[in-house]
Every structure is written in C-alpha cells, then in structure tokens.
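Engineer: Got a structure for you, run18.pdb, holding PDB, C-alpha atoms.
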ATOM      1  CA  ASP S  20      82.554 125.167  86.636
ATOM      2  CA  ARG S  21      81.091 122.279  84.690
ATOM      3  CA  ASP S  22      77.704 120.947  85.722
ATOM      4  CA  PRO S  23      78.412 117.372  86.944
ATOM      5  CA  ASN S  24      75.130 116.214  85.451
ATOM      6  CA  ALA S  25      75.597 117.874  82.073
ATOM      7  CA  CYS S  26      76.549 114.693  80.258
ATOM      8  CA  ALA S  27      73.665 112.820  81.819
ATOM      9  CA  ARG S  28      71.128 114.838  79.854
ATOM     10  CA  PRO S  29      70.393 113.597  76.320
ATOM     11  CA  SER S  30      71.173 116.045  73.541
ATOM     12  CA  SER S  31      68.458 118.063  71.837
ATOM     13  CA  SER S  32      68.921 115.929  68.714
ATOM     14  CA  THR S  33      68.338 112.781  70.770
ATOM     15  CA  ALA S  34      65.180 114.264  72.252
ATOM     16  CA  ALA S  35      64.017 115.309  68.789
ATOM     17  CA  SER S  36      64.540 111.796  67.452
ATOM     18  CA  MET S  37      62.552 110.348  70.330
ATOM     19  CA  ALA S  38      59.781 112.890  69.812
ATOM     20  CA  SER S  39      59.684 112.080  66.092
ATOM     21  CA  ALA S  40      59.317 108.388  66.837
ATOM     22  CA  GLY S  41      56.554 109.205  69.301
ATOM     23  CA  SER S  42      54.691 111.160  66.635
ATOM     24  CA  MET S  43      54.994 108.176  64.336
ATOM     25  CA  LEU S  44      53.400 105.959  66.947
ATOM     26  CA  ALA S  45      50.621 108.450  67.501
ATOM     27  CA  GLY S  46      49.750 108.236  63.825
ATOM     28  CA  SER S  47      49.380 104.463  63.840
ATOM     29  CA  ALA S  48      46.080 102.650  63.778
ATOM     30  CA  PRO S  49      43.937 102.771  66.943
ATOM     31  CA  ALA S  50      44.872 100.196  69.517
ATOM     32  CA  ARG S  51      42.912  96.960  69.303
ATOM     33  CA  PRO S  52      42.896  94.006  71.681
ATOM     34  CA  GLN S  53      46.082  92.041  71.055
ATOM     35  CA  PRO S  54      47.481  88.764  72.321
ATOM     36  CA  GLU S  55      49.642  89.287  75.370
ATOM     37  CA  LEU S  56      53.216  90.048  74.367
ATOM     38  CA  ALA S  57      55.928  87.576  75.210
ATOM     39  CA  PRO S  58      57.838  88.585  78.353
ATOM     40  CA  ILE S  59      61.135  90.360  77.785
ATOM     41  CA  ASP S  60      64.228  90.699  79.898
ATOM     42  CA  PRO S  61      63.572  92.975  82.884
ATOM     43  CA  THR S  62      64.595  96.569  82.320
ATOM     44  CA  PRO S  63      67.285  97.652  84.815
ATOM     45  CA  SER S  64      66.666 100.565  87.149
ATOM     46  CA  VAL S  65      68.762 103.693  87.594
ATOM     47  CA  GLU S  66      70.000 102.203  90.859
ATOM     48  CA  ASP S  67      71.043  99.005  89.072
ATOM     49  CA  LEU S  68      73.150 100.974  86.601
ATOM     50  CA  THR S  69      74.759 103.476  88.969
ATOM     51  CA  VAL S  70      78.434 102.728  89.638
ATOM     52  CA  ASP S  71      80.374 104.054  92.621
ATOM     53  CA  VAL S  72      83.855 104.937  91.365
ATOM     54  CA  GLU S  73      85.192 106.334  94.630
ATOM     55  CA  GLY S  74      88.441 104.688  95.688
ATOM     56  CA  LYS S  75      88.804 102.623  92.508
ATOM     57  CA  THR S  76      92.221 102.164  90.957
ATOM     58  CA  ALA S  77      92.875 103.398  87.427
ATOM     59  CA  PHE S  78      92.717  99.798  86.207
ATOM     60  CA  ALA S  79      89.310  99.286  87.840
ATOM     61  CA  LEU S  80      88.070 102.566  86.363
ATOM     62  CA  CYS S  81      89.041 101.359  82.897
ATOM     63  CA  ARG S  82      86.994  98.224  83.504
ATOM     64  CA  VAL S  83      83.992 100.402  84.350
ATOM     65  CA  VAL S  84      84.300 102.059  80.931
ATOM     66  CA  GLN S  85      84.482  98.709  79.136
ATOM     67  CA  LYS S  86      81.366  97.544  80.952
ATOM     68  CA  ALA S  87      79.547 100.818  80.244
ATOM     69  CA  SER S  88      79.917 100.288  76.499
ATOM     70  CA  GLU S  89      78.277  96.872  76.844
ATOM     71  CA  VAL S  90      75.460  98.410  78.886
ATOM     72  CA  PHE S  91      74.859 101.118  76.261
ATOM     73  CA  LEU S  92      74.418  98.403  73.642
ATOM     74  CA  MET S  93      72.111  96.366  75.882
ATOM     75  CA  LEU S  94      69.925  99.399  76.574
ATOM     76  CA  SER S  95      69.734 100.255  72.867
ATOM     77  CA  GLU S  96      68.560  96.743  72.041
ATOM     78  CA  LEU S  97      66.065  96.745  74.898
ATOM     79  CA  PHE S  98      64.660 100.134  73.907
ATOM     80  CA  GLU S  99      64.240  98.961  70.312
ATOM     81  CA  SER S 100      62.469  95.812  71.505
ATOM     82  CA  ARG S 101      60.058  97.672  73.758
ATOM     83  CA  PHE S 102      59.441 100.330  71.110
ATOM     84  CA  GLY S 103      58.587  97.543  68.664
ATOM     85  CA  ASP S 104      56.118  96.124  71.173
ATOM     86  CA  LEU S 105      54.332  99.479  71.356
ATOM     87  CA  VAL S 106      54.133  99.676  67.569
ATOM     88  CA  THR S 107      52.701  96.156  67.483
ATOM     89  CA  VAL S 108      49.822  97.022  69.812
ATOM     90  CA  GLY S 109      49.447 100.642  68.635
ATOM     91  CA  ASP S 110      49.930 102.001  72.158
ATOM     92  CA  ALA S 111      51.004 105.575  71.404
ATOM     93  CA  ALA S 112      50.195 106.793  74.929
ATOM     94  CA  ALA S 113      52.884 104.555  76.427
ATOM     95  CA  TYR S 114      55.668 105.941  74.257
ATOM     96  CA  GLY S 115      56.284 109.124  76.256
ATOM     97  CA  PRO S 116      56.846 107.264  79.544
ATOM     98  CA  LEU S 117      59.072 104.760  77.731
ATOM     99  CA  VAL S 118      61.255 107.573  76.381
ATOM    100  CA  GLU S 119      61.551 109.181  79.810
ATOM    101  CA  GLU S 120      62.467 105.850  81.374
ATOM    102  CA  PHE S 121      65.267 105.206  78.900
ATOM    103  CA  LYS S 122      66.514 108.792  78.936
ATOM    104  CA  ALA S 123      67.157 108.293  82.650
ATOM    105  CA  LEU S 124      68.880 104.947  82.069
ATOM    106  CA  PHE S 125      71.166 106.186  79.291
ATOM    107  CA  GLY S 126      71.858 109.289  81.353
ATOM    108  CA  THR S 127      72.914 107.167  84.321
ATOM    109  CA  VAL S 128      75.509 105.292  82.282
ATOM    110  CA  ALA S 129      76.759 108.572  80.792
ATOM    111  CA  ALA S 130      77.086 109.966  84.319
ATOM    112  CA  ASN S 131      79.133 106.901  85.307
ATOM    113  CA  LEU S 132      81.567 107.676  82.499
ATOM    114  CA  GLN S 133      81.768 111.298  83.535
ATOM    115  CA  ARG S 134      82.645 110.272  87.091
ATOM    116  CA  VAL S 135      85.305 107.907  85.744
ATOM    117  CA  GLN S 136      86.754 110.734  83.681
ATOM    118  CA  THR S 137      86.877 113.019  86.729
ATOM    119  CA  ALA S 138      88.490 110.297  88.840
ATOM    120  CA  LEU S 139      91.178 109.702  86.213
ATOM    121  CA  GLU S 140      91.883 113.422  86.013
ATOM    122  CA  GLN S 141      92.271 113.482  89.794
ATOM    123  CA  GLN S 142      94.780 110.629  89.487
ATOM    124  CA  VAL S 143      96.698 112.752  86.956
ATOM    125  CA  LEU S 144      95.961 110.415  84.047
ATOM    126  CA  PRO S 145      94.786 112.904  81.400
ATOM    127  CA  LEU S 146      95.336 110.525  78.465
ATOM    128  CA  LEU S 147      92.969 107.949  79.942
ATOM    129  CA  ALA S 148      90.464 110.664  80.827
ATOM    130  CA  THR S 149      90.492 111.850  77.207
ATOM    131  CA  MET S 150      89.825 108.300  75.980
ATOM    132  CA  VAL S 151      86.838 108.038  78.310
ATOM    133  CA  ARG S 152      85.487 111.360  77.053
ATOM    134  CA  THR S 153      85.827 110.090  73.469
ATOM    135  CA  VAL S 154      83.820 106.965  74.302
ATOM    136  CA  GLU S 155      81.126 108.952  76.086
ATOM    137  CA  ARG S 156      80.605 111.416  73.252
ATOM    138  CA  ALA S 157      80.615 108.733  70.567
ATOM    139  CA  GLU S 158      78.090 106.660  72.524
ATOM    140  CA  GLY S 159      75.825 109.702  72.724
ATOM    141  CA  ARG S 160      76.004 110.202  68.963
ATOM    142  CA  ARG S 161      75.377 106.515  68.357
ATOM    143  CA  LEU S 162      72.205 106.664  70.458
ATOM    144  CA  THR S 163      70.900 109.685  68.556
ATOM    145  CA  ILE S 164      71.550 107.988  65.222
ATOM    146  CA  GLU S 165      69.981 104.719  66.371
ATOM    147  CA  LEU S 166      66.768 106.503  67.324
ATOM    148  CA  GLU S 167      66.665 108.200  63.941
ATOM    149  CA  ARG S 168      67.383 104.913  62.155
ATOM    150  CA  GLN S 169      64.616 103.144  64.017
ATOM    151  CA  GLY S 170      62.099 105.808  63.062
ATOM    152  CA  LEU S 171      63.174 105.626  59.418
ATOM    153  CA  ARG S 172      62.767 101.854  59.365
ATOM    154  CA  GLN S 173      59.227 102.163  60.669
ATOM    155  CA  ARG S 174      58.387 104.867  58.118
ATOM    156  CA  LEU S 175      59.882 102.764  55.331
ATOM    157  CA  SER S 176      57.619  99.853  56.228
ATOM    158  CA  ARG S 177      54.492 102.042  56.011
ATOM    159  CA  GLY S 178      55.528 104.888  53.716
ATOM    160  CA  GLU S 179      54.059 105.804  50.371
ATOM    161  CA  GLU S 180      55.823 104.385  47.333
ATOM    162  CA  GLU S 181      57.024 107.798  46.155
ATOM    163  CA  GLU S 182      58.993 108.382  49.372
ATOM    164  CA  GLN S 183      60.551 104.914  49.581
ATOM    165  CA  ALA S 184      63.698 105.819  47.630
ATOM    166  CA  ALA S 185      64.399 108.919  49.725
ATOM    167  CA  LEU S 186      63.865 106.973  52.947
ATOM    168  CA  ARG S 187      66.290 104.265  51.809
ATOM    169  CA  VAL S 188      68.953 106.881  51.097
ATOM    170  CA  ARG S 189      68.484 108.419  54.541
ATOM    171  CA  LEU S 190      68.558 104.981  56.139
ATOM    172  CA  GLN S 191      71.853 104.175  54.435
ATOM    173  CA  THR S 192      73.276 107.491  55.610
ATOM    174  CA  THR S 193      72.368 106.699  59.209
ATOM    175  CA  ARG S 194      73.972 103.250  58.910
ATOM    176  CA  GLU S 195      77.216 104.807  57.713
ATOM    177  CA  ALA S 196      77.151 107.439  60.456
ATOM    178  CA  GLN S 197      76.435 104.816  63.083
ATOM    179  CA  GLN S 198      79.283 102.639  61.832
ATOM    180  CA  ALA S 199      81.635 105.612  62.112
ATOM    181  CA  CYS S 200      80.614 105.995  65.767
ATOM    182  CA  ILE S 201      81.117 102.280  66.394
ATOM    183  CA  ASP S 202      84.590 102.401  64.828
ATOM    184  CA  GLU S 203      85.504 105.406  66.982
ATOM    185  CA  ILE S 204      84.274 103.652  70.131
ATOM    186  CA  ARG S 205      86.150 100.452  69.304
ATOM    187  CA  GLU S 206      89.371 102.330  68.657
ATOM    188  CA  ALA S 207      89.111 104.232  71.939
ATOM    189  CA  LEU S 208      88.259 101.055  73.860
ATOM    190  CA  ASP S 209      91.182  99.179  72.283
ATOM    191  CA  GLU S 210      93.533 101.960  73.345
ATOM    192  CA  LEU S 211      91.986 101.944  76.798
ATOM    193  CA  ARG S 212      92.447  98.161  77.096
ATOM    194  CA  ALA S 213      96.121  98.498  76.201
ATOM    195  CA  GLU S 214      96.622 101.245  78.770
ATOM    196  CA  ALA S 215      94.686  99.250  81.377
ATOM    197  CA  ALA S 216      96.877  96.197  80.746
ATOM    198  CA  ASP S 217      99.956  98.333  81.368
ATOM    199  CA  LEU S 218      98.424  99.622  84.595
ATOM    200  CA  ASP S 219      97.639  96.064  85.695
ATOM    201  CA  ASP S 220     101.238  95.019  85.016
ATOM    202  CA  ASP S 221     102.502  97.958  87.051
ATOM    203  CA  ASP S 222     100.354  96.884  90.007
ATOM    204  CA  GLU S 223     101.778  93.360  90.034
TER     205      GLU S 223
END
Take the structure I supplied and represent it as structure tokens, if you would.
Structural biologist:
Amino acid sequence: DRDPNACARPSSSTAASMASAGSMLAGSAPARPQPELAPIDPTPSVEDLTVDVEGKTAFALCRVVQKASEVFLMLSELFESRFGDLVTVGDAAAYGPLVEEFKALFGTVAANLQRVQTALEQQVLPLLATMVRTVERAEGRRLTIELERQGLRQRLSRGEEEEQAALRVRLQTTREAQQACIDEIREALDELRAEAADLDDDDE
C-alpha cells in the first residue's frame, strides 16, 4: 500500500538544493547590525493550507487543484523573499529553520493534491486523477529547480571571475528546465479546466 504522506515529503534533490543554499549562507560575511527589514506578507501556517476534500464534488476537487498551483507559486516567491532577507543580514543560523518551515508548507499543499487524486479515483474518474498526479509531480520538480536556480544566482553575484561563465550556463539550463515544468503544469491545468467545465455543465 502507498504511504499517504509519501508525496508530502520533499525529494532528496530538493533537500540537497536547500542544504546547498544553506551552505552558501554559512559562507557569507559575519552578521552585522542591520536596519530592520521591511515587513513582508505573513507566512501561512500548515493549518491555513490544509484542505478538507471529503464530500467534495469532482468539480470542487478540480478547483482545489487550480488553487493549489497558485499557492505553490506564492510559497516559492515568499521563500525566495525570506531567503533574500537572510542573505542581506548574513543570518546563516536562521536558514535551517526557514527550510524546515517551508518544507512543511510545500508538503501540505502536495498532500492536498494527493488527497484530491485519491478522491477522484474513488469517484471512478481516473483521467482527472492522472492530471492531478501530473500537476503534483511537475510542481515538485519546479520547486527543486527553483531552489537550485536561486543558489546559482547568489553564487553568480559573488563568484570568482573564472567561474562566471560556467555558472551562467548552469543558470540558463535551470531556466529551461523550469520553463518545461511550467509548460507541463499549464497544459495539465488547461485540460483539467476543460474537464471541470464539462462536469459543471453536467451538474446544471
């Protein structure tokens, strides 16, 4: 039997990317007193992000998937912003807790998608369930690539001149890989929207 929390755990490559970024922070200059950072949007909690899918219609489940993709993007932007704040103040010690916090948040949204997939399978809608699985896996890859890209950008800004060219090549490769994930997600979501519209028409 499949572990219901399996998809909630970030992949080893995601963890490695986070660890690499943490090492980069640890190598930055010692923290010095800094002006207080401007307040940012509050970070949601696991409870805020958890969605109860029990009893939802197939149409409502499709809406959960659409919303989840927006939440993944919001979390990525928020993580990048807070990571940038830590780099600004040179607070390497805070990076580990930040990673753990966001691993839990991304994992919660992934778990929502897994529950949607299971619910659709129970409603004998395997095509929709497959679309949800495609979105979930592509979102996971996009997160891993984004973490790698962020680390490369930081290294590029501080790297030695002789490694600049190689870093730019790697950065371009991550952009292309990330765009491929985005295209895959968009295609799956477009198909899901079309199927959801048909379901909505059937309910009327």
Engineer: Using the chain letters and numbering of this document, enumerate as a list of chain:residue names the residues selected by the PyMOL selection byres ((chain S and resi 211-219) around 9).
Structural biologist: S:Ala77, S:Phe78, S:Ala79, S:Leu80, S:Cys81, S:Arg82, S:Val84, S:Gln85, S:Leu147, S:Met150, S:Val151, S:Glu206, S:Ala207, S:Leu208, S:Asp209, S:Glu210, S:Asp220, S:Asp221, S:Asp222, S:Glu223
Engineer: Rank nothing, just name the residue among S:Thr137, S:Thr153, S:Thr62, S:Thr163 nearest to Phe121 in chain S, using all atoms listed in the file.
Structural biologist: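 Counting all atoms listed in the file, the residue closest to Phe121 in chain S is S:Thr62.
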Engineer: Of the residues S:Glu73, S:Glu66, S:Glu203, S:Asp110, which is the one nearest to Arg152 in chain S, using all atoms listed in the file?
Structural biologist: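 Among S:Glu73, S:Glu66, S:Glu203, S:Asp110, it is S:Glu203 that comes nearest to Arg152 in chain S.
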Engineer: Excluding Ala157 in chain S and residues on its chain fewer than 2 positions from it, collect all residues at most 7 Å away from it, counting all atoms listed in the file, and give them as number ranges by chain.
Structural biologist: S: 153-155, 159-161, 200, 203-204
Engineer: With all atoms listed in the file as the basis for distance, which of S:Val83, S:Val118, S:Leu124, S:Leu97 is at the shortest distance from Val65 in chain S?
Structural biologist: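 Counting all atoms listed in the file, the residue closest to Val65 in chain S is S:Leu124.
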Engineer: Please indicate the distance in Å from CA of Ala148 in chain S to CA of Gln136 in chain S, rounded to one decimal place.
Structural biologist: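 According to the coordinates, CA of Ala148 in chain S and CA of Gln136 in chain S are separated by 4.7 Å.
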Engineer: Would you mind telling me which residue in S:Val72, S:Leu186, S:Val135, S:Leu92 lies nearest to Ile201 in chain S when using all atoms listed in the file?
Structural biologist: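 Counting all atoms listed in the file, the residue closest to Ile201 in chain S is S:Leu92.
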Engineer: Smallest atom-to-atom distance to Ser100 in chain S: which of S:Glu179, S:Val143, S:Leu117, S:Asp202, using all atoms listed in the file?
Structural biologist: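 Looking only at the distances to Ser100 in chain S, the closest residue turns out to be S:Leu117.
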Engineer: In terms of the shortest atom-to-atom distance over all atoms listed in the file, which of S:Arg177, S:Ala185, S:Glu165, S:Val90 is closest to Gln197 in chain S?
Structural biologist: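 Once distances to Gln197 in chain S are computed over all atoms listed in the file, the minimum belongs to S:Glu165.
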Engineer: Written as JSON, numbers by chain, which residues does the PyMOL selection byres ((chain S and resi 164) around 12) give for the file shown?
Structural biologist: {"S": [30, 32, 33, 34, 35, 36, 37, 95, 157, 158, 159, 160, 161, 162, 163, 165, 166, 167, 168, 169, 170, 171, 189, 190, 191, 192, 193, 194, 195, 196, 197, 198, 199, 200, 201]}
Engineer: Please report, as AutoDock Vina command-line options, the centre and edge lengths in Å to one decimal of an axis-aligned box covering all listed atoms of range 178-182 of chain S with 4 Å per side.
Structural biologist:
--center_x 56.5 --center_y 106.4 --center_z 49.9 --size_x 12.9 --size_y 12.0 --size_z 15.6
Engineer: What is the CA of Arg187 in chain S-CA of Leu175 in chain S distance in Å, reported with one decimal?
Structural biologist: 7.5 Å
Engineer: Quote the spacing between CA of Thr149 in chain S and CA of Gln133 in chain S in Å to one decimal place.
Structural biologist: 10.8 Å
